[in-house]
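Comments concern the structure below.
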Amino acid sequence: MLSTDFVTGAPNWLDLGSPDTTASAEFYSGVFGWDFQSAGPEAGGYGFFQKDGRTVAALGPLTEEGASPAWTVYFQTPDADATAKAVEQAGGTVRAAPFDVMDAGRMACLTDPGGAEFSVWQPAATKGLEQTSEENALCWAELHAKDVPAALSFYRSLFGWRSQEMEAPGMTYTVLSSAEGDQQDASFGGLAPAQEGMEPRWIPYFAVADADATAGRATEHGGTVLMPPSDVPDVGRIAWIADPHGAPFALLKPAPQHKG
């Protein structure tokens with residue numbers, strides 16, 4: 001699962017682009033109990049979702065013309081400029097060329113050849129999220145792609161990801177791991193075929209103690225349940241939610257891990 005010992009290719013940041021950051025902060029506070037801390041007047045409305053004083057995600061206004069409200073997963077890179085160039089050479093798009101975020105780090109906004117948006121973060125003062133794989137924090141990142149082999153080839157060329165196929169109900173699911181360390185320990189996400197009518201996209205999963213209760217809180221605060229809580233063998237109980245502005249995310253109550 002995700003850890004905060006970030007290595008190349010692992011998710012190390014997550015933020016939400018919203019048309020109304022005040023309303024979004026209230027929604028996610030109601031669902032996950034997060035606090036929102038502004039990054040200051042020079043940050044243009046950007047700030048941090050925190051749990052117990054530690055950053056679990058971030059929130060800012062929509063900055064790109066025509067952008068839809070969405071969560072963006074960032075992957076660690078030692079060189080944002082080289083990664084952006086490699087994305088372009090592999091048929092992807094650089095939506096925002098690499099730039100420095102004050103002294104925090106360097107980032108670029110990218111789109112893979114299949115159309116899924118993501119970003120990269122080259123850490124400086126800010127290494128990444130301060131809490132992952134705990135209750136009400138990011139625990140998994142999942143790509144839904146129209147061409148799974150092409151998506152895997154693209155990201156492998158960028159980050160050296162390793163993969164392992166698993167049979168899941170109605171499909172083959174590909175578990176993704178960063179290039180370093182034990183493959184199972186280094187797994188951080190998955191790759192699945194996009195369902196009919198679904199745009200290719202990365203979906204963040206947040207670990208929760210009770211998927212049903214959390215989905216209930218989401219609807220109480222104006223969200224929509226896209227996929228009701230359901231059990232996935234050996235994985236846990238999963239639900240998909242859209243926040244009040246339509247940004248999708250997922251909940252996971254992890255299944256107990258059997259130590260063997």
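Letters for chains follow the order of the structure tokens (A, B, ...), residue numbers begin at 1 for each chain, and ligand numbers begin at 1 in the order shown.
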
Give me the residues of segment 87-178 of chain A that have any atom at most 9 Å from an atom of segment 22-33 of chain A; for each, the nearest atom pair and the distance in Å, rounded to one decimal. Use only C-alpha atoms, sort by chain and number, and format it as a tab-separated table.
residue	atom	partner	partner_atom	distance
A:Glu135	CA	A:Phe32	CA	8.8
A:Asn136	CA	A:Phe32	CA	5.7
A:Ala137	CA	A:Phe32	CA	8.6

Save the residues we just selected, C-alpha atoms, as a tab-separated table (two decimals), in the first residue's frame?
chain	number	residue	atom	x	y	z
A	135	GLU	CA	-8.30	5.97	7.97
A	136	ASN	CA	-9.64	8.94	5.96
A	137	ALA	CA	-6.44	9.23	3.92

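Ranking A:Val225, A:Val175, A:Val208, A:Met107 by their shortest atom-to-atom distance to Arg237 of chain A, with only C-alpha atoms included, puts A:Val208 first.
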
Residue contacts of segment 68-81 of chain A (8 Å, only C-alpha atoms) excluding same-chain residues fewer than 2 positions away, as JSON, numbers by chain: {"A": [6, 7, 8, 9, 10, 11, 12, 13, 14, 15, 16, 17, 18, 19, 62, 66, 83, 84, 85, 97, 98, 106, 107, 108, 117, 118, 119, 120, 121, 122, 123, 141, 159, 202, 203, 204, 245, 246, 247, 248, 249]}

All helix (DSSP H, G or I) residues (DSSP, backbone) inside segment 117-151 of chain A, as a ChimeraX atom specification: /A:148-151

Using N, CA and C atoms, can you write the selected residues to a file as a short mmCIF file (atom, residue, chain, number, x, y, z; two decimals), in the first residue's frame?
data_model
loop_
_atom_site.label_atom_id
_atom_site.label_comp_id
_atom_site.auth_asym_id
_atom_site.auth_seq_id
_atom_site.Cartn_x
_atom_site.Cartn_y
_atom_site.Cartn_z
N VAL A 148 -5.73 -0.82 -21.92
CA VAL A 148 -4.91 -1.14 -20.74
C VAL A 148 -3.45 -1.43 -21.09
N PRO A 149 -3.16 -2.27 -22.11
CA PRO A 149 -1.74 -2.53 -22.43
C PRO A 149 -0.99 -1.25 -22.84
N ALA A 150 -1.64 -0.36 -23.60
CA ALA A 150 -0.99 0.87 -24.02
C ALA A 150 -0.72 1.78 -22.82
N ALA A 151 -1.67 1.86 -21.89
CA ALA A 151 -1.49 2.70 -20.70
C ALA A 151 -0.35 2.16 -19.85
#

DSSP strand (DSSP E or B) selection over segment 219-254 of chain A, as a ChimeraX atom specification: /A:224-232,236-242,248-254

Can those selected residues be exported to a file as a compact mmCIF listing (two decimals), in the first residue's frame so that it contains N, CA, C and O atoms?
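Writing the result to part_39.txt gives the following:
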# COMPACT_ATOMS: atom_id res chain seq x y z
N THR A 224 -23.13 12.33 -4.40
CA THR A 224 -23.92 11.31 -5.08
C THR A 224 -23.17 9.98 -5.02
O THR A 224 -21.96 9.94 -5.26
N VAL A 225 -23.89 8.91 -4.72
CA VAL A 225 -23.27 7.58 -4.74
C VAL A 225 -23.31 7.07 -6.18
O VAL A 225 -24.38 6.83 -6.74
N LEU A 226 -22.14 6.92 -6.80
CA LEU A 226 -22.05 6.42 -8.17
C LEU A 226 -22.10 4.89 -8.20
O LEU A 226 -22.64 4.31 -9.13
N MET A 227 -21.49 4.27 -7.19
CA MET A 227 -21.52 2.81 -7.06
C MET A 227 -21.73 2.50 -5.59
O MET A 227 -20.90 2.88 -4.76
N PRO A 228 -22.86 1.87 -5.23
CA PRO A 228 -23.13 1.61 -3.82
C PRO A 228 -22.08 0.71 -3.21
O PRO A 228 -21.42 -0.07 -3.92
N PRO A 229 -21.90 0.79 -1.88
CA PRO A 229 -20.91 -0.06 -1.23
C PRO A 229 -21.12 -1.54 -1.57
O PRO A 229 -22.24 -2.05 -1.53
N SER A 230 -20.03 -2.19 -1.97
CA SER A 230 -20.10 -3.61 -2.31
C SER A 230 -18.78 -4.28 -1.94
O SER A 230 -17.73 -3.64 -1.92
N ASP A 231 -18.87 -5.56 -1.65
CA ASP A 231 -17.68 -6.30 -1.23
C ASP A 231 -16.92 -6.85 -2.43
O ASP A 231 -17.53 -7.41 -3.35
N VAL A 232 -15.62 -6.68 -2.40
CA VAL A 232 -14.74 -7.27 -3.41
C VAL A 232 -13.85 -8.28 -2.67
O VAL A 232 -13.12 -7.89 -1.75
N GLY A 236 -11.83 -5.72 -0.04
CA GLY A 236 -12.55 -4.99 0.98
C GLY A 236 -13.89 -4.51 0.45
O GLY A 236 -14.39 -4.99 -0.57
N ARG A 237 -14.47 -3.56 1.14
CA ARG A 237 -15.76 -3.00 0.74
C ARG A 237 -15.53 -1.64 0.10
O ARG A 237 -14.88 -0.77 0.68
N ILE A 238 -16.07 -1.49 -1.12
CA ILE A 238 -15.75 -0.34 -1.96
C ILE A 238 -17.02 0.41 -2.31
O ILE A 238 -18.08 -0.19 -2.52
N ALA A 239 -16.91 1.74 -2.41
CA ALA A 239 -18.00 2.56 -2.95
C ALA A 239 -17.39 3.68 -3.77
O ALA A 239 -16.26 4.12 -3.50
N TRP A 240 -18.13 4.12 -4.79
CA TRP A 240 -17.71 5.27 -5.59
C TRP A 240 -18.66 6.42 -5.34
O TRP A 240 -19.89 6.24 -5.31
N ILE A 241 -18.10 7.60 -5.17
CA ILE A 241 -18.86 8.80 -4.83
C ILE A 241 -18.50 9.92 -5.80
O ILE A 241 -17.37 10.00 -6.27
N ALA A 242 -19.46 10.79 -6.09
CA ALA A 242 -19.17 12.07 -6.75
C ALA A 242 -19.47 13.17 -5.75
O ALA A 242 -20.53 13.16 -5.10
N PRO A 248 -15.26 12.66 -8.99
CA PRO A 248 -15.40 11.30 -8.45
C PRO A 248 -14.21 10.90 -7.57
O PRO A 248 -13.08 11.32 -7.79
N PHE A 249 -14.54 10.08 -6.57
CA PHE A 249 -13.51 9.46 -5.73
C PHE A 249 -14.10 8.17 -5.18
O PHE A 249 -15.29 7.89 -5.37
N ALA A 250 -13.27 7.36 -4.55
CA ALA A 250 -13.73 6.06 -4.06
C ALA A 250 -13.38 5.87 -2.59
O ALA A 250 -12.46 6.50 -2.06
N LEU A 251 -14.16 5.02 -1.96
CA LEU A 251 -13.95 4.65 -0.55
C LEU A 251 -13.55 3.18 -0.51
O LEU A 251 -14.05 2.37 -1.29
N LEU A 252 -12.70 2.83 0.43
CA LEU A 252 -12.30 1.43 0.61
C LEU A 252 -12.18 1.13 2.10
O LEU A 252 -11.40 1.77 2.81
N LYS A 253 -13.00 0.19 2.54
CA LYS A 253 -12.77 -0.40 3.87
C LYS A 253 -11.98 -1.66 3.63
O LYS A 253 -12.52 -2.66 3.14
N PRO A 254 -10.66 -1.61 3.88
CA PRO A 254 -9.81 -2.74 3.49
C PRO A 254 -10.21 -4.03 4.21
O PRO A 254 -10.60 -4.03 5.38

Atom CA of Gln183 of chain A to atom CA of Gly160 of chain A, distance in Å rounded to a single decimal: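 Computing it gives 12.1 Å between the two atoms.
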
Selected residue, from A:Tyr205, A:Glu196, A:Ala125, A:Trp140, that lies nearest to Leu176 of chain A when counting only C-alpha atoms: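 Counting only C-alpha atoms, the residue closest to Leu176 of chain A is A:Trp140.
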
Atom CA of Thr132 of chain A to atom CA of Ala57 of chain A, distance in Å rounded to a single decimal: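 So the two atoms, atom CA of Thr132 of chain A and atom CA of Ala57 of chain A, lie 9.4 Å apart.
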
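Nearest to Ser38 of chain A of all the residues A:Leu59, A:Met198, A:Ala104, A:Ala215 is A:Leu59, counting only C-alpha atoms.
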
Distance in Å - atom CA of Met166 of chain A versus atom CA of Leu191 of chain A: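 Going from atom CA of Met166 of chain A over to atom CA of Leu191 of chain A, I get 10.5 Å.
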
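Of the residues under consideration (A:Glu142, A:Ser133, A:Pro169, A:Arg201), A:Arg201 shows the shortest atom-to-atom contact distance to Thr111 of chain A when counting only C-alpha atoms.
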
Given only C-alpha atoms as the counted atoms, nearest of A:Gly181, A:Thr174, A:Asp234, A:Val101 to Asp5 of chain A: A:Gly181
